[in-house]
Each structure stands twice: as structure tokens, then as C-alpha cells.
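Raw structure.pdb, PDB, C-alpha atoms:
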ATOM      1  CA  MET Z   1      63.855  86.700  -0.685
ATOM      2  CA  ASP Z   2      64.415  83.456   1.194
ATOM      3  CA  ALA Z   3      61.655  81.398   2.789
ATOM      4  CA  GLU Z   4      62.362  82.572   6.354
ATOM      5  CA  THR Z   5      62.113  86.258   5.394
ATOM      6  CA  LEU Z   6      58.940  85.592   3.432
ATOM      7  CA  VAL Z   7      57.356  83.782   6.385
ATOM      8  CA  ALA Z   8      58.410  86.544   8.794
ATOM      9  CA  THR Z   9      56.907  89.221   6.532
ATOM     10  CA  LEU Z  10      53.697  87.261   6.162
ATOM     11  CA  GLN Z  11      53.517  86.478   9.886
ATOM     12  CA  ALA Z  12      53.864  90.200  10.670
ATOM     13  CA  ALA Z  13      50.961  90.962   8.323
ATOM     14  CA  VAL Z  14      48.687  88.232   9.770
ATOM     15  CA  PRO Z  15      49.993  87.490  13.296
ATOM     16  CA  GLU Z  16      47.205  85.070  14.291
ATOM     17  CA  ALA Z  17      47.832  82.712  11.340
ATOM     18  CA  ARG Z  18      49.909  79.553  11.567
ATOM     19  CA  ILE Z  19      52.529  79.501   8.825
ATOM     20  CA  GLU Z  20      55.021  76.693   8.408
ATOM     21  CA  SER Z  21      57.910  76.792   5.952
ATOM     22  CA  VAL Z  22      58.996  73.441   4.501
ATOM     23  CA  PRO Z  23      62.005  72.495   2.387
ATOM     24  CA  SER Z  24      61.468  71.952  -1.307
ATOM     25  CA  LEU Z  25      63.473  70.022  -3.874
ATOM     26  CA  ASP Z  26      63.022  72.712  -6.522
ATOM     27  CA  ARG Z  27      64.113  75.498  -4.123
ATOM     28  CA  GLN Z  28      60.787  77.264  -4.603
ATOM     29  CA  PRO Z  29      59.598  78.584  -1.236
ATOM     30  CA  THR Z  30      56.811  76.347   0.069
ATOM     31  CA  ILE Z  31      54.609  77.158   3.039
ATOM     32  CA  TYR Z  32      51.705  75.467   4.789
ATOM     33  CA  VAL Z  33      49.090  77.853   6.136
ATOM     34  CA  SER Z  34      46.208  77.439   8.555
ATOM     35  CA  LEU Z  35      42.826  76.730   7.019
ATOM     36  CA  ASP Z  36      41.025  79.474   8.954
ATOM     37  CA  HIS Z  37      43.246  82.278   7.688
ATOM     38  CA  VAL Z  38      43.471  81.609   3.941
ATOM     39  CA  PRO Z  39      41.588  84.780   2.822
ATOM     40  CA  ALA Z  40      43.563  87.043   5.169
ATOM     41  CA  LEU Z  41      46.851  85.477   4.099
ATOM     42  CA  ALA Z  42      45.893  85.779   0.428
ATOM     43  CA  MET Z  43      45.182  89.486   0.866
ATOM     44  CA  ALA Z  44      48.458  89.962   2.740
ATOM     45  CA  LEU Z  45      50.373  88.134   0.010
ATOM     46  CA  ARG Z  46      48.834  90.380  -2.627
ATOM     47  CA  ASP Z  47      48.803  93.716  -0.755
ATOM     48  CA  THR Z  48      52.104  93.691   1.173
ATOM     49  CA  PRO Z  49      54.549  95.699  -0.985
ATOM     50  CA  GLN Z  50      57.546  93.477  -0.117
ATOM     51  CA  LEU Z  51      55.587  90.462  -1.396
ATOM     52  CA  ALA Z  52      53.136  91.683  -4.093
ATOM     53  CA  PHE Z  53      51.926  88.240  -5.192
ATOM     54  CA  THR Z  54      49.439  89.612  -7.716
ATOM     55  CA  PHE Z  55      49.342  86.584 -10.023
ATOM     56  CA  LEU Z  56      47.750  83.238  -9.174
ATOM     57  CA  ALA Z  57      49.410  80.942 -11.708
ATOM     58  CA  GLU Z  58      47.734  77.704 -10.620
ATOM     59  CA  LEU Z  59      45.401  76.276  -8.013
ATOM     60  CA  THR Z  60      45.104  72.525  -7.692
ATOM     61  CA  ALA Z  61      44.681  69.790  -5.112
ATOM     62  CA  VAL Z  62      46.313  66.546  -4.053
ATOM     63  CA  ASP Z  63      44.624  63.472  -2.554
ATOM     64  CA  PHE Z  64      46.764  61.502  -0.082
ATOM     65  CA  TRP Z  65      44.162  58.833   0.647
ATOM     66  CA  PRO Z  66      44.238  56.882   2.994
ATOM     67  CA  LYS Z  67      46.470  59.260   5.001
ATOM     68  CA  GLU Z  68      45.004  62.036   7.096
ATOM     69  CA  PRO Z  69      44.784  64.955   6.476
ATOM     70  CA  ARG Z  70      43.655  63.583   3.163
ATOM     71  CA  TYR Z  71      43.768  66.643   0.893
ATOM     72  CA  GLU Z  72      46.024  69.567   0.178
ATOM     73  CA  VAL Z  73      44.970  72.589  -1.836
ATOM     74  CA  VAL Z  74      48.018  74.053  -3.582
ATOM     75  CA  TYR Z  75      48.254  77.690  -4.684
ATOM     76  CA  MET Z  76      51.094  78.601  -7.077
ATOM     77  CA  LEU Z  77      51.722  82.341  -6.746
ATOM     78  CA  VAL Z  78      53.950  84.738  -8.660
ATOM     79  CA  SER Z  79      55.159  88.198  -7.691
ATOM     80  CA  ILE Z  80      56.133  89.861 -10.927
ATOM     81  CA  ALA Z  81      57.282  93.057  -9.195
ATOM     82  CA  GLN Z  82      59.531  91.215  -6.712
ATOM     83  CA  ARG Z  83      60.471  88.378  -9.094
ATOM     84  CA  LEU Z  84      59.329  85.736  -6.608
ATOM     85  CA  ARG Z  85      57.393  82.469  -6.754
ATOM     86  CA  LEU Z  86      55.613  80.808  -3.859
ATOM     87  CA  ARG Z  87      53.864  77.499  -3.308
ATOM     88  CA  MET Z  88      51.199  77.892  -0.604
ATOM     89  CA  LYS Z  89      49.478  74.747   0.684
ATOM     90  CA  VAL Z  90      46.453  74.173   2.904
ATOM     91  CA  ARG Z  91      45.726  70.808   4.539
ATOM     92  CA  LEU Z  92      42.111  69.577   4.589
ATOM     93  CA  ALA Z  93      40.532  66.710   6.462
ATOM     94  CA  ALA Z  94      38.672  63.975   4.576
ATOM     95  CA  ASP Z  95      35.403  64.326   6.489
ATOM     96  CA  ASP Z  96      34.807  68.008   5.612
ATOM     97  CA  PRO Z  97      36.993  69.187   2.721
ATOM     98  CA  HIS Z  98      36.300  72.885   2.319
ATOM     99  CA  VAL Z  99      38.273  76.114   2.331
ATOM    100  CA  ALA Z 100      37.333  79.754   1.802
ATOM    101  CA  THR Z 101      37.447  81.080  -1.733
ATOM    102  CA  VAL Z 102      40.166  83.499  -2.850
ATOM    103  CA  THR Z 103      38.283  84.800  -5.903
ATOM    104  CA  ALA Z 104      37.997  88.270  -4.345
ATOM    105  CA  VAL Z 105      41.799  88.416  -4.102
ATOM    106  CA  TRP Z 106      42.725  86.668  -7.358
ATOM    107  CA  PRO Z 107      39.829  86.565  -9.876
ATOM    108  CA  ALA Z 108      41.638  83.811 -11.799
ATOM    109  CA  ALA Z 109      40.780  81.481  -8.904
ATOM    110  CA  ASN Z 110      37.154  81.369 -10.067
ATOM    111  CA  TRP Z 111      37.520  78.641 -12.678
ATOM    112  CA  LEU Z 112      40.430  76.941 -10.917
ATOM    113  CA  GLU Z 113      38.378  76.473  -7.749
ATOM    114  CA  ARG Z 114      35.482  75.148  -9.817
ATOM    115  CA  GLU Z 115      37.824  72.617 -11.418
ATOM    116  CA  VAL Z 116      39.116  71.446  -8.023
ATOM    117  CA  TRP Z 117      35.562  71.134  -6.711
ATOM    118  CA  ASP Z 118      34.453  69.250  -9.804
ATOM    119  CA  LEU Z 119      37.304  66.729  -9.783
ATOM    120  CA  PHE Z 120      38.147  66.386  -6.056
ATOM    121  CA  GLY Z 121      34.945  67.444  -4.267
ATOM    122  CA  ILE Z 122      36.698  70.163  -2.264
ATOM    123  CA  ALA Z 123      34.213  72.975  -1.614
ATOM    124  CA  PHE Z 124      35.208  76.633  -1.681
ATOM    125  CA  ASP Z 125      33.082  78.578   0.791
ATOM    126  CA  GLY Z 126      31.734  81.830  -0.648
ATOM    127  CA  HIS Z 127      32.522  80.959  -4.269
ATOM    128  CA  PRO Z 128      30.411  83.129  -6.625
ATOM    129  CA  ASP Z 129      29.569  80.351  -9.124
ATOM    130  CA  PRO Z 130      29.919  76.817  -7.679
ATOM    131  CA  ARG Z 131      28.723  74.894 -10.728
ATOM    132  CA  ARG Z 132      30.393  71.893 -12.310
ATOM    133  CA  LEU Z 133      32.976  72.870 -14.890
ATOM    134  CA  LEU Z 134      34.334  69.722 -16.540
ATOM    135  CA  MET Z 135      31.935  66.933 -15.611
ATOM    136  CA  PRO Z 136      28.257  66.806 -16.620
ATOM    137  CA  GLU Z 137      25.800  68.266 -14.105
ATOM    138  CA  ASP Z 138      24.353  64.827 -13.321
ATOM    139  CA  TRP Z 139      27.741  63.171 -12.706
ATOM    140  CA  GLN Z 140      28.105  61.363  -9.412
ATOM    141  CA  GLY Z 141      31.404  61.380  -7.565
ATOM    142  CA  PHE Z 142      34.725  63.099  -8.081
ATOM    143  CA  PRO Z 143      37.059  61.421 -10.600
ATOM    144  CA  LEU Z 144      40.441  62.549  -9.226
ATOM    145  CA  ARG Z 145      39.861  61.133  -5.765
ATOM    146  CA  LYS Z 146      42.008  58.085  -5.159
ATOM    147  CA  ASP Z 147      39.040  56.052  -3.921
ATOM    148  CA  TYR Z 148      37.011  56.765  -7.071
ATOM    149  CA  PRO Z 149      36.040  53.518  -8.841
ATOM    150  CA  VAL Z 150      38.077  53.056 -12.008
ATOM    151  CA  GLN Z 151      35.670  50.705 -13.751
ATOM    152  CA  ILE Z 152      32.579  52.854 -13.333
ATOM    153  CA  ARG Z 153      29.474  51.825 -15.219
ATOM    154  CA  MET Z 154      27.246  54.846 -15.567
ATOM    155  CA  THR Z 155      24.680  55.356 -18.285
ATOM    156  CA  PRO Z 156      25.462  58.622 -20.034
ATOM    157  CA  THR Z 157      22.563  61.027 -19.804
ATOM    158  CA  SER Z 158      24.193  64.291 -20.786
ATOM    159  CA  SER Z 159      24.785  63.196 -24.385
ATOM    160  CA  GLU Z 160      21.090  62.889 -25.090
ATOM    161  CA  PRO Z 161      19.968  65.639 -27.480
ATOM    162  CA  LEU Z 162      18.070  68.502 -25.921
ATOM    163  CA  GLN Z 163      15.083  69.543 -27.984
ATOM    164  CA  VAL Z 164      13.784  73.018 -27.265
ATOM    165  CA  THR Z 165      11.828  75.438 -29.364
ATOM    166  CA  GLU Z 166      13.333  78.709 -30.509
ATOM    167  CA  GLU Z 167      11.181  80.578 -27.970
ATOM    168  CA  GLU Z 168      12.329  78.310 -25.111
ATOM    169  CA  PHE Z 169      15.945  78.801 -26.193
ATOM    170  CA  ARG Z 170      15.597  82.600 -26.235
ATOM    171  CA  ALA Z 171      13.824  82.542 -22.841
ATOM    172  CA  ASN Z 172      16.593  80.387 -21.347
ATOM    173  CA  LEU Z 173      19.241  82.677 -22.808
ATOM    174  CA  MET Z 174      17.527  85.760 -21.374
ATOM    175  CA  LYS Z 175      17.126  84.078 -17.974
ATOM    176  CA  ASP Z 176      20.822  83.183 -17.967
ATOM    177  CA  ARG Z 177      21.828  86.760 -18.851
ATOM    178  CA  LEU Z 178      19.632  88.178 -16.098
ATOM    179  CA  THR Z 179      21.071  85.866 -13.445
ATOM    180  CA  ARG Z 180      24.634  86.801 -14.481
ATOM    181  CA  GLY Z 181      23.858  90.526 -14.432
ATOM    182  CA  ARG Z 182      24.473  91.292 -18.124
TER
END
Mind turning this structure into C-alpha cells?
Amino acid sequence: MDAETLVATLQAAVPEARIESVPSLDRQPTIYVSLDHVPALAMALRDTPQLAFTFLAELTAVDFWPKEPRYEVVYMLVSIAQRLRLRMKVRLAADDPHVATVTAVWPAANWLEREVWDLFGIAFDGHPDPRRLLMPEDWQGFPLRKDYPVQIRMTPTSSEPLQVTEEEFRANLMKDRLTRGR
């Protein structure tokens, strides 16, 4: 399926969305989609039989600082049934970088969205577990932003040993299990 047919199929499924096909050097279809329609487009990409993009292979971001829009969130999708690949991109402004989560459509997005939030500071609205993934909880800033200071001098606090009693440990473990529903 060529990019024009893919865009036409997707546009028929979500007529109110803005979808723009762009040329790609690797001949992988690449589209830009409107920020407001990401969840609807994700569901259409997964549920439309001609598309059937059931596998989210990668989700990452790019920082184009100082250009505006500053960020792009990039979704790498695979349709195993149709033997297709797709690169879907969403542009985000620097002053409010957030997009709706797609974890309900592709559960694999859970940790990938957490990684993008942790390293770029792009928020995913409605994410079920928006905690830091790679950086310590007390870390300030987002290391993959282009304006992040390279020579940062921050006193490490997360490497300090945590001393808890066995009872406190068991209580914390039980509390964590209860909040996760196990």
C-alpha cells in the first residue's frame, strides 16, 4: 500500500483529522497527524482491516530547539497482517508539550511514553502510570532536551542507602501491591 492510499483510508476512518503525507528517504510511509486526533487515529490504524497496525514497535521524540514547533513525537507502527510499516509523527509546541496517551490502543506504549516523558518532558495526557522511568525521582530537568545543561553539577541523592526495618519494607510492599491492584 502506498502512502496516498494509506492516507485516504485513514482519512475516511477519521474525517475530521488533519493528515499530511511527507516523502521519506527510506521509502517508509511517513505521515504527520493533528495533535487533537491522535487517539482516534491510533484506533483507526489498529482497527481498520485494510491497515491493521497492531504492533507499536517504537515511540520516541525529537527536539528541534530553537525551531518551532519544537518537538515531534514519533510512532513506529507495524501491520503484520498487511506487511506494512508506518512512521506517524505529531508536532508539539515548546510552551505546552503534551499529547494524549495511546496505551489503551497499544499497551506497549506504557513504558515508551514514560521514557519520552522522563527524557524530554513531553506529557502524555491520561497515562495510567506517569512516574519517572530512567532518571531518579528527584532529578530536575529532562536530559535529552537540546537546551539541557551539559556540565550539570547536581549532588546525587538517590544513591544514598535507604534504611528501613523489615516491617516497614513489608508495609511498603503491601501498599504498592494494593495501589497496583494485585
- Message: With distances taken over all atoms listed in the file, which residue among Z:Ala94, Z:Pro15, Z:Arg83, Z:Glu167 lies nearest Z:Phe64?
- Response: Z:Ala94
- Using the chain letters and numbers from the file, which residues does the PyMOL selection byres ((chain Z and resi 10) around 9) grab, as a list in words?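 Output of the PyMOL selection byres ((chain Z and resi 10) around 9): Thr5, Leu6, Val7, Ala8, Thr9, Gln11, Ala12, Ala13, Val14, Pro15, Ile19, Leu41, Ala44, Leu45, Thr48 and Leu51 of chain Z.
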- Counting only C-alpha atoms, the option among Z:Ala109, Z:Leu59, Z:Ile122, Z:Ala100 closest to Z:Asp36: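 Between Z:Ala109, Z:Leu59, Z:Ile122, Z:Ala100, the residue approaching Z:Asp36 most closely is Z:Ala100.
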Listed atoms of stretch 134-141 of chain Z boxed axis-aligned with 3 Å per side, centre + edges as lines of an AutoDock Vina configuration file:
center_x = 29.3
center_y = 65.5
center_z = -12.1
size_x = 16.0
size_y = 14.4
size_z = 15.1
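Going from atom CA of Z:Lys67 to atom CA of Z:Trp139 covers 26.1 Å.
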- Task: Could you check how far atom CA of Z:Tyr32 sits from atom CA of Z:Met135, in Å to one decimal?
- Result: 29.7 Å
- Query: Can you list what the PyMOL selection byres ((chain Z and resi 22) around 10) grabs from this structure, as a list in words?
  - Reply: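 Listing what the PyMOL selection byres ((chain Z and resi 22) around 10) selects in the shown file: Ala3, Glu4, Ile19, Glu20, Ser21, Pro23, Ser24, Pro29, Thr30, Ile31 and Tyr32 of chain Z.
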- Task: For Z:Ala104, work out the shell of residues within 10 Å, counting only C-alpha atoms and skipping chain neighbours fewer than 6 positions away, then give it as a PyMOL selection string.
- Result: chain Z and resi 39+42-43+110+126-128
- From the list Z:Gly121, Z:Ser79, Z:Glu168, Z:Lys146, which residue is nearest Z:Arg46 when using only C-alpha atoms? Z:Ser79
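When atom CA of Z:Pro107 is paired with atom CA of Z:Thr179, their separation reads 19.1 Å.
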- Pick the closest to Z:Val74 from Z:Thr54, Z:Thr101, Z:Gln163, Z:Thr60: which is it, counting all atoms listed in the file?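 The answer is Z:Thr60, which sits nearest to Z:Val74.
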Just say which residues the PyMOL selection byres ((chain Z and resi 115) around 12) picks in this file, as a compact mmCIF listing (two decimals) with C-alpha atoms, in the coordinates of the input.
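And here is the file that came out, result-v2.txt:
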# COMPACT_ATOMS: atom_id res chain seq x y z
CA GLU Z 58 47.73 77.70 -10.62
CA LEU Z 59 45.40 76.28 -8.01
CA THR Z 60 45.10 72.53 -7.69
CA ALA Z 61 44.68 69.79 -5.11
CA VAL Z 73 44.97 72.59 -1.84
CA ALA Z 108 41.64 83.81 -11.80
CA ALA Z 109 40.78 81.48 -8.90
CA ASN Z 110 37.15 81.37 -10.07
CA TRP Z 111 37.52 78.64 -12.68
CA LEU Z 112 40.43 76.94 -10.92
CA GLU Z 113 38.38 76.47 -7.75
CA ARG Z 114 35.48 75.15 -9.82
CA VAL Z 116 39.12 71.45 -8.02
CA TRP Z 117 35.56 71.13 -6.71
CA ASP Z 118 34.45 69.25 -9.80
CA LEU Z 119 37.30 66.73 -9.78
CA PHE Z 120 38.15 66.39 -6.06
CA GLY Z 121 34.94 67.44 -4.27
CA ILE Z 122 36.70 70.16 -2.26
CA ALA Z 123 34.21 72.97 -1.61
CA PHE Z 124 35.21 76.63 -1.68
CA ASP Z 129 29.57 80.35 -9.12
CA PRO Z 130 29.92 76.82 -7.68
CA ARG Z 131 28.72 74.89 -10.73
CA ARG Z 132 30.39 71.89 -12.31
CA LEU Z 133 32.98 72.87 -14.89
CA LEU Z 134 34.33 69.72 -16.54
CA MET Z 135 31.94 66.93 -15.61
CA PHE Z 142 34.72 63.10 -8.08
CA PRO Z 143 37.06 61.42 -10.60
CA LEU Z 144 40.44 62.55 -9.23
- Restricting the calculation to only C-alpha atoms, which member of Z:Leu56, Z:Met174, Z:Leu92, Z:Val99 is positioned closest to Z:Glu68?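 Among Z:Leu56, Z:Met174, Z:Leu92, Z:Val99, it is Z:Leu92 that comes nearest to Z:Glu68.
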- Item | Z:Arg27 surroundings by all atoms listed in the file, 12 Å radius, close-in-sequence under 6 positions cut, as a list in words |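 What passes the distance filter is Met1, Asp2, Ala3, Ser21, Leu84, Arg85, Leu86 and Arg87 of chain Z.
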Write the residues of the preceding selection, restricted to C-alpha atoms, as a short mmCIF file (atom, residue, chain, number, x, y, z; two decimals), keeping the file's coordinate frame.
data_model
loop_
_atom_site.label_atom_id
_atom_site.label_comp_id
_atom_site.auth_asym_id
_atom_site.auth_seq_id
_atom_site.Cartn_x
_atom_site.Cartn_y
_atom_site.Cartn_z
CA MET Z 1 63.86 86.70 -0.68
CA ASP Z 2 64.42 83.46 1.19
CA ALA Z 3 61.66 81.40 2.79
CA SER Z 21 57.91 76.79 5.95
CA LEU Z 84 59.33 85.74 -6.61
CA ARG Z 85 57.39 82.47 -6.75
CA LEU Z 86 55.61 80.81 -3.86
CA ARG Z 87 53.86 77.50 -3.31
#
- Message: So, with only C-alpha atoms as the atoms that count, which of Z:Ala81, Z:Leu35, Z:Leu25, Z:Ala171 lies closest to Z:Ala93?
- Response: Z:Leu35
